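Structure first, then comments.
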Amino acid sequence: MPNKLAQETSPYLLQHVDNPVAWYPWGEEALQKARQENKPILLSIGYAACHWCHVMAHESFEDPATAELMNRYFVNIKVDREERPDLDAIYMQAVVAMTGQGGWPMTVFLTPEGRPFYGGTYFPPAPRHGMPSFIQLMQGIVNAWETKREEVVNSAGDITKHLQRTAVLSGQGDVLTPGMFAKATSALAANFDHERGGFGGAPKFPPSMTLEYLLQSFVLHNDSRTLHMAETTLKKMAYGGMYDQLGGGFARYSTDVNWLVPHFEKMLYDNALLARAYLHAYQVTQEPLYRRIVEETLDFVVRELHHEDGGFYSSYDADSEGEEGKFYVWSAAEIDEYLGEDAKLFKLYYDVTEQGNWEGTNILNIKKELDEVAWATKMSEEKAQEKLAAARQKLYDVRAKRVWPGLDDKVLTAWNGLMLAAFAEAGRVLERPDYTATAVRNAQFLHQTMRTEDGRLLRTWKAGADAKYNGYLEDYAYLADGLLALYQTTFDEQWFTWANELAEMMLAHFHDVENGGFYDTSDDHEELIHRPKDLQDNAVPSANAMAAHVLLKLSLYTGNLDYWDVAETAVSSLYGAMMQYPNAFAHWLCAAVFITSEPQEVAIYGDPGLVDTEALINTAYLNFRPNLVVASGDSTSSVPLLADRKKLDGKATAYVCRRFVCQQPVNTPEALAAQL
C-alpha cells in the first residue's frame with residue numbers, strides 16, 4: 001500500500017515517508033477514502049523536534065506487524081502540528097477532554113466524518129505502566145467500531161458538541177482597573193519557586209509571557225514582588241542546563257525543578273520570546289548578564305536557524321545518532337583532552353565531574369560564582385573570564401564536528417513574526433545595526449514569500465517549494481506585532497502600513513462579531529468539525545491576546561477607536577480567567593496592563609536620521625516603557641499620529657499625548673524626558 005507523504009514539504013512528515021504505514025497527509029483524498037470505505041481514521045499529530053514522536057515512530061510505525069494492522073482497519077493520517085495548528089488545537093482539546101491530559105505524539109481515533117471518539121498521546125509497543133500496547137489499543141478500537149458503532153458515533157457527537165461550546169469568551173467580564181494586578185501577582189507568587197525560579201514543580205517550562213507581565217507590572221506598578229520573581233527565574237534559567245552554555249539559545253523545557261536537564265530540542269519561538277524577556281529585563285536593571293543572554297541567543301539564531309534569504313527555521317531536534325542530548329553533553333575526560341591545563345577552571349565553573357550530572361555525562365551549567373572559581377584556581381577574575389571564553393569557543397568548535405541534531409528547516413510566518421520583534425527591538429535597545437538589518441531582511445522575505453496575490457498570509461514555506469496553507473490568526477497577530485516593533489526601530493512606514501493592513505484582515509476574516517475575540521481560522525478556511533478559538537497562552541502567546549495588543553497599539557497610532565473597543569471587550573471578558581489562572585493568561589494581563597496604564601503616544605516630528613531627531617528618539621527609548629508607542633517622521637509621513645505636527649523653532653519636536661490630551665511640544669531631550 002503506497003505511502004502518500006513523498007510530495008510533502010514538512011520535515012516531520014518526510015521523516016515518515018519510508019514507514020510501512022500507508023500514511024496520508026490531511027486532505028480530501030484521505031477523508032473521502034474514510035467515508036467511502038466507512039473506516040475510522042487514525043490521526044497521528046507530532047512535530048520534527050519531538051523526542052517521543054521519534055520513539056513511537058521507531059517502535060510502532062516502522063514495525064511491519066503494527067503497520068499491517070493500521071493499514072487493514074484504518075485510514076492513517078499524519079499531521080505536522082506546526083503546519084496545521086487548527087487540527088492540533090481541535091484534536092488536542094478533544095484528547096484532554098477525554099483523558100484529562102495531552103501532549104505529543106498525539107494519537108486520535110476519528111469517525112469517517114472527522115469526529116473524535118478516543119485518543120491519547122504516546123502508546124508503547126508492549127503493555128507498560130498500566131498502559132495498553134498500541135496494538136492492543138487498536139484491537140480494542142476495531143472491536144468497538146465493529147460491535148458498538150452507534151455508541152461510538154454518539155460519543156463522538158457529544159465530544160464535538162463539547163468542543164463547539166468552548167469557543168465562546170467567558171462572559172461579560174469586569175471593569176479593568178489598576179487594582180486587579182496586585183491580585184494577579186499574589187496568585188503568581190503563591191505558585192512561585194522562590195529558591196529556583198519558575199512556577200510549580202517539574203517539568204518546568206520557561207514562563208515567557210509571565211516574565212513579560214512581571215516586568216511590565218514592575219515598571220508601571222512598582223510591585224517589588226514582580227521583579228523578584230522575574231529576576232530569580234531569568235538568572236536560574238541562564239545558569240542552568242536548559243541554556244546552551246556553549247552555543248547560546250534555550251531548549252524547550254527542563255525535566256527537573258533546577259533547570260538542569262532539558263528536553264534538548266531548541267524551538268524558534270522559545271528563543272524569540274525569551275530573547276525579548278531578557279532584553280526587557282536588561283532595560284529595567286542594566287544587568288550585563290541579561291544583555292549577554294540576548295546577544296548569545298540571537299547570534300545562535302543567525303548562525304544556525306537562518307535561511308540565506310532571510311527566513312528563520314523552526315527548530316533543532318533533541319536527538320542525534322538516536323540519542324537524546326548526545327550533541328550537547330560532555331565527559332570529564334573529553335574536557336581534559338580538549339582544554340588541557342584550562343580544564344580544571346572550566347570543570348569547576350561548569351559543574352563537570354567524573355560521575356557526571358546526567359546519565360554518566362555532564363550537562364554544562366553554572367553553580368559557582370566566577371570570583372569563587374577564580375580564587376580556587378589562583379587567578380584574577382579577568383583572567384578566568386578570558387580563559388573561559390577561549391575554552392567555550394574551543395569546545396563549540398569540537399562540538400560542531402559531531403553529528404548534528406535534525407534541523408526542521410520550514411519557515412512559519414507566526415514564529416518568524418515573534419523573532420522579527422526580538423531582532424527589531426534588540427537592534428534598537430542594544431544599538432546593534434546588524435540585528436536591525438536581520439529584522440529588515442526577515443520582513444522583506446516574509447512580504448515577498450508568505451503572501452497571496454491579494455495580500456493574505458500563507459502559513460509555511462520550505463526552500464524549493466511554494467508557501468502554502470492559509471494563514472492562521474497567530475500568523476497575522478504575531479507578524480503585525482513584529483512589524484510594529486520594526487517600525488518603532490526604523491520608522492520605515494512600509495512596515496507600519498503592512499501591520500495596519502494585517503489588522504484589517506484580522507477583523508475582516510477572523511473576528512467573532514457575536515461573541516467577541518477572534519477565531520484561529522479565517523472565514524474562508526477549510527470547514528472542520530469545530531472553529532477553534534485560542535484563548536490561553538501555551539508555549540506561545542494566545543493569538544487572541546496578541547491580536548488585542550496589536551489593535552490597542554494601532555488605535556493609538558491611527559485614532560481608530562473601533563480597534564480599542566474590540567480589544568478592550570475581549571480583554572475585559574477574560575477578567576475572571578486572568579485573576580484565577582494568571583500563568584495561563586499572562587499575555588492577556590499584558591494587554592490589560594496596557595489598557596489601564598493610560599498609555600502614552602510620542603510623535604517626533606523631524607527630519608529622519610538627523611542628530612536632533614535621533615536625540616529625541618533615543619530619549620523616548622531610554623527606559624523600558626511597555627505602555628509607549630512612538631512615531632517619527634516629517635511632512636511626507638502618512639502615519640496619523642504625525643498629522644498636523646510641526647517643528648518648534650526649526651528643530652525636531654516631540655509631542656507627548658495621553659488619552660487624547662497632548663502636553664506642550666518640546667524640542668530638547670531633557671524636556672522630553674521630563675514629560676515621560
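Labels used: A, B, ... for chains in the order of the C-alpha cells, numbers from 1 for residues in each chain, and numbers from 1 for ligands as shown.
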
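Residues in contact with stretch 57-69 of chain A at up to 7 Å, not including ones fewer than 4 positions away on its chain and judged by only C-alpha atoms, are A:Asn19, A:Pro20, A:Val21, A:Cys53, A:Tyr73, A:Pro125, A:Ile135.
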
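Note that DSSP on the backbone gives strand (DSSP E or B) to these residues of stretch 454-621 of chain A: Leu457, Leu458, Arg459, Thr460, Trp461, Lys468, Tyr469, Asn470, His511, Phe518, Gln600, Glu601, Val602, Ala603, Ile604 and Tyr605 of chain A.
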
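Candidate residues A:Val540, A:Ile335, A:Met209, A:Val411 were compared for distance to A:Ser10, and the nearest is A:Val411, using only C-alpha atoms.
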
- stretch 479-671 of chain A: which residues are helix (DSSP H, G or I) by DSSP, as a VMD selection string? chain A and resid 479 to 490 493 to 509 543 to 558 561 to 573 575 to 580 586 to 596 611 to 620 640 to 642 669 to 671

Requested write-out: C-alpha atoms of the selected residues, as a PDB file, in the first residue's frame:
```pdb
ATOM      1  CA  LEU A 479       3.612  39.262  12.343  1.00  0.00           C
ATOM      2  CA  ALA A 480       1.723  42.526  12.897  1.00  0.00           C
ATOM      3  CA  ASP A 481       3.353  42.818  16.326  1.00  0.00           C
ATOM      4  CA  GLY A 482       6.776  42.185  14.800  1.00  0.00           C
ATOM      5  CA  LEU A 483       6.151  44.786  12.103  1.00  0.00           C
ATOM      6  CA  LEU A 484       5.179  47.396  14.699  1.00  0.00           C
ATOM      7  CA  ALA A 485       8.418  46.646  16.572  1.00  0.00           C
ATOM      8  CA  LEU A 486      10.321  47.054  13.306  1.00  0.00           C
ATOM      9  CA  TYR A 487       8.545  50.326  12.545  1.00  0.00           C
ATOM     10  CA  GLN A 488       9.434  51.640  16.006  1.00  0.00           C
ATOM     11  CA  THR A 489      13.088  50.823  15.287  1.00  0.00           C
ATOM     12  CA  THR A 490      13.456  52.002  11.687  1.00  0.00           C
ATOM     13  CA  GLU A 493       6.431  53.436   7.134  1.00  0.00           C
ATOM     14  CA  GLN A 494       6.023  50.438   4.849  1.00  0.00           C
ATOM     15  CA  TRP A 495       6.147  48.257   7.979  1.00  0.00           C
ATOM     16  CA  PHE A 496       3.530  50.341   9.777  1.00  0.00           C
ATOM     17  CA  THR A 497       1.296  50.222   6.697  1.00  0.00           C
ATOM     18  CA  TRP A 498       1.605  46.452   6.412  1.00  0.00           C
ATOM     19  CA  ALA A 499       0.835  45.970  10.129  1.00  0.00           C
ATOM     20  CA  ASN A 500      -2.304  48.063   9.706  1.00  0.00           C
ATOM     21  CA  GLU A 501      -3.358  46.029   6.661  1.00  0.00           C
ATOM     22  CA  LEU A 502      -2.926  42.810   8.653  1.00  0.00           C
ATOM     23  CA  ALA A 503      -5.086  44.217  11.449  1.00  0.00           C
ATOM     24  CA  GLU A 504      -7.840  45.000   8.957  1.00  0.00           C
ATOM     25  CA  MET A 505      -7.614  41.430   7.631  1.00  0.00           C
ATOM     26  CA  MET A 506      -7.865  40.051  11.180  1.00  0.00           C
ATOM     27  CA  LEU A 507     -11.066  41.993  11.688  1.00  0.00           C
ATOM     28  CA  ALA A 508     -12.479  41.063   8.283  1.00  0.00           C
ATOM     29  CA  HIS A 509     -11.717  37.337   8.365  1.00  0.00           C
ATOM     30  CA  ALA A 543      -3.136  34.631  19.371  1.00  0.00           C
ATOM     31  CA  ASN A 544      -6.285  36.362  20.618  1.00  0.00           C
ATOM     32  CA  ALA A 545      -4.331  38.251  23.272  1.00  0.00           C
ATOM     33  CA  MET A 546      -1.672  39.231  20.734  1.00  0.00           C
ATOM     34  CA  ALA A 547      -4.361  40.412  18.313  1.00  0.00           C
ATOM     35  CA  ALA A 548      -5.865  42.557  21.087  1.00  0.00           C
ATOM     36  CA  HIS A 549      -2.461  44.022  21.923  1.00  0.00           C
ATOM     37  CA  VAL A 550      -1.798  44.882  18.276  1.00  0.00           C
ATOM     38  CA  LEU A 551      -5.186  46.604  17.949  1.00  0.00           C
ATOM     39  CA  LEU A 552      -4.558  48.636  21.112  1.00  0.00           C
ATOM     40  CA  LYS A 553      -1.256  49.944  19.748  1.00  0.00           C
ATOM     41  CA  LEU A 554      -2.694  50.642  16.314  1.00  0.00           C
ATOM     42  CA  SER A 555      -5.596  52.516  17.896  1.00  0.00           C
ATOM     43  CA  LEU A 556      -3.107  54.965  19.391  1.00  0.00           C
ATOM     44  CA  TYR A 557      -1.265  55.348  16.096  1.00  0.00           C
ATOM     45  CA  THR A 558      -4.370  55.787  13.966  1.00  0.00           C
ATOM     46  CA  LEU A 561     -11.412  53.825  18.428  1.00  0.00           C
ATOM     47  CA  ASP A 562     -13.064  50.709  16.987  1.00  0.00           C
ATOM     48  CA  TYR A 563      -9.705  48.944  17.323  1.00  0.00           C
ATOM     49  CA  TRP A 564      -9.573  49.887  21.005  1.00  0.00           C
ATOM     50  CA  ASP A 565     -13.164  48.807  21.652  1.00  0.00           C
ATOM     51  CA  VAL A 566     -12.749  45.382  20.030  1.00  0.00           C
ATOM     52  CA  ALA A 567      -9.587  44.756  22.050  1.00  0.00           C
ATOM     53  CA  GLU A 568     -10.900  46.055  25.370  1.00  0.00           C
ATOM     54  CA  THR A 569     -14.099  43.999  25.054  1.00  0.00           C
ATOM     55  CA  ALA A 570     -12.063  40.827  24.541  1.00  0.00           C
ATOM     56  CA  VAL A 571      -9.632  41.587  27.382  1.00  0.00           C
ATOM     57  CA  SER A 572     -12.310  42.519  29.921  1.00  0.00           C
ATOM     58  CA  SER A 573     -14.307  39.365  29.129  1.00  0.00           C
ATOM     59  CA  TYR A 575     -11.040  39.218  33.718  1.00  0.00           C
ATOM     60  CA  GLY A 576     -12.015  36.167  35.778  1.00  0.00           C
ATOM     61  CA  ALA A 577      -9.620  33.858  33.919  1.00  0.00           C
ATOM     62  CA  MET A 578      -6.747  36.316  34.348  1.00  0.00           C
ATOM     63  CA  MET A 579      -7.361  36.525  38.088  1.00  0.00           C
ATOM     64  CA  GLN A 580      -7.757  32.780  38.594  1.00  0.00           C
ATOM     65  CA  ALA A 586      -0.316  36.251  31.115  1.00  0.00           C
ATOM     66  CA  HIS A 587      -0.392  37.840  27.663  1.00  0.00           C
ATOM     67  CA  TRP A 588      -3.958  38.970  28.340  1.00  0.00           C
ATOM     68  CA  LEU A 589      -2.620  40.520  31.547  1.00  0.00           C
ATOM     69  CA  CYS A 590      -0.045  42.404  29.454  1.00  0.00           C
ATOM     70  CA  ALA A 591      -2.878  43.767  27.308  1.00  0.00           C
ATOM     71  CA  ALA A 592      -4.794  44.711  30.473  1.00  0.00           C
ATOM     72  CA  VAL A 593      -1.687  46.499  31.799  1.00  0.00           C
ATOM     73  CA  PHE A 594      -1.554  48.469  28.548  1.00  0.00           C
ATOM     74  CA  ILE A 595      -5.230  49.443  28.757  1.00  0.00           C
ATOM     75  CA  THR A 596      -5.195  50.528  32.412  1.00  0.00           C
ATOM     76  CA  VAL A 611      21.007  64.416  15.069  1.00  0.00           C
ATOM     77  CA  ASP A 612      18.198  66.380  16.727  1.00  0.00           C
ATOM     78  CA  THR A 613      15.569  63.826  15.641  1.00  0.00           C
ATOM     79  CA  GLU A 614      17.690  60.871  16.785  1.00  0.00           C
ATOM     80  CA  ALA A 615      18.333  62.513  20.162  1.00  0.00           C
ATOM     81  CA  LEU A 616      14.599  62.711  20.852  1.00  0.00           C
ATOM     82  CA  ILE A 617      14.027  59.124  19.675  1.00  0.00           C
ATOM     83  CA  ASN A 618      16.825  57.862  21.934  1.00  0.00           C
ATOM     84  CA  THR A 619      15.302  59.710  24.883  1.00  0.00           C
ATOM     85  CA  ALA A 620      11.895  58.127  24.296  1.00  0.00           C
ATOM     86  CA  PRO A 640      -1.969  59.564  11.504  1.00  0.00           C
ATOM     87  CA  LEU A 641      -0.177  60.204  14.818  1.00  0.00           C
ATOM     88  CA  LEU A 642       2.187  62.573  12.956  1.00  0.00           C
ATOM     89  CA  PRO A 669      15.892  65.562  25.137  1.00  0.00           C
ATOM     90  CA  GLU A 670      15.752  66.945  28.695  1.00  0.00           C
ATOM     91  CA  ALA A 671      12.294  68.436  28.228  1.00  0.00           C
TER      92      ALA A 671
END
```

- Note on the structure: Here atom CA of A:Asn365 and atom CA of A:Ala230 stand apart by 19.7 Å

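The closest residue to A:Gly559, picked from A:Phe491, A:Val630, A:Leu535, A:Phe660 and counting only C-alpha atoms, is A:Phe660.
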
- Task: Might you pull out every residue within 8 Å of A:Arg399, with only C-alpha atoms counted and same-chain residues fewer than 4 positions away left off, and present them as number ranges by chain?
- Result: A: 327-328, 395

Would you output that residue set with N, CA and C atoms, as a PDB file, in the first residue's frame?
```pdb
ATOM      1  N   PHE A 327      24.423  15.448  21.370  1.00  0.00           N
ATOM      2  CA  PHE A 327      25.185  16.550  20.780  1.00  0.00           C
ATOM      3  C   PHE A 327      25.716  17.513  21.843  1.00  0.00           C
ATOM      4  N   TYR A 328      25.009  17.629  22.979  1.00  0.00           N
ATOM      5  CA  TYR A 328      25.269  18.717  23.918  1.00  0.00           C
ATOM      6  C   TYR A 328      26.071  18.312  25.153  1.00  0.00           C
ATOM      7  N   LEU A 395      35.533  24.351  22.678  1.00  0.00           N
ATOM      8  CA  LEU A 395      34.589  23.233  22.788  1.00  0.00           C
ATOM      9  C   LEU A 395      33.438  23.365  21.793  1.00  0.00           C
TER      10      LEU A 395
END
```

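In terms of minimum interatomic distance to A:Val294, A:Leu430 ranks closest within A:Leu430, A:Leu31, A:Leu215, A:Ala467, counting only C-alpha atoms.
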
- Query: Taking into account only C-alpha atoms, which residue in the set A:Thr111, A:Thr653, A:Asn623, A:Gln245 is nearest to A:Arg392?
  - Reply: A:Gln245

- From the list A:Gln355, A:Gln101, A:Thr177, A:Asn627, which residue is nearest A:Gln216 when using only C-alpha atoms? A:Asn627

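Between atom CA of A:Lys344 and atom CA of A:Leu260 lies a distance of 21.0 Å.
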
- Item | Selection near stretch 523-530 of chain A, 9 Å with only C-alpha atoms, sequence-local residues under 3 positions removed, as number ranges by chain | A: 86-87, 90, 113-115, 160-161, 163-164, 167, 470, 508-511, 519

- Message: If we count only C-alpha atoms and set the cut-off at 12 Å, which residues sit around stretch 193-205 of chain A, ignoring sequence neighbours fewer than 4 positions away in its own chain? Please answer as number ranges by chain.
- Response: A: 187-189, 209-211, 214, 225-240, 242, 250-263, 270, 274, 367, 538-540, 582-584

- Task: Identify, on the basis of only C-alpha atoms, every residue whose closest approach to A:Asp408 does not exceed 6 Å; exclude the query and any residue fewer than 4 positions from it along the same chain; express the result as a PyMOL selection string.
- Result: chain A and resi 11+314-315
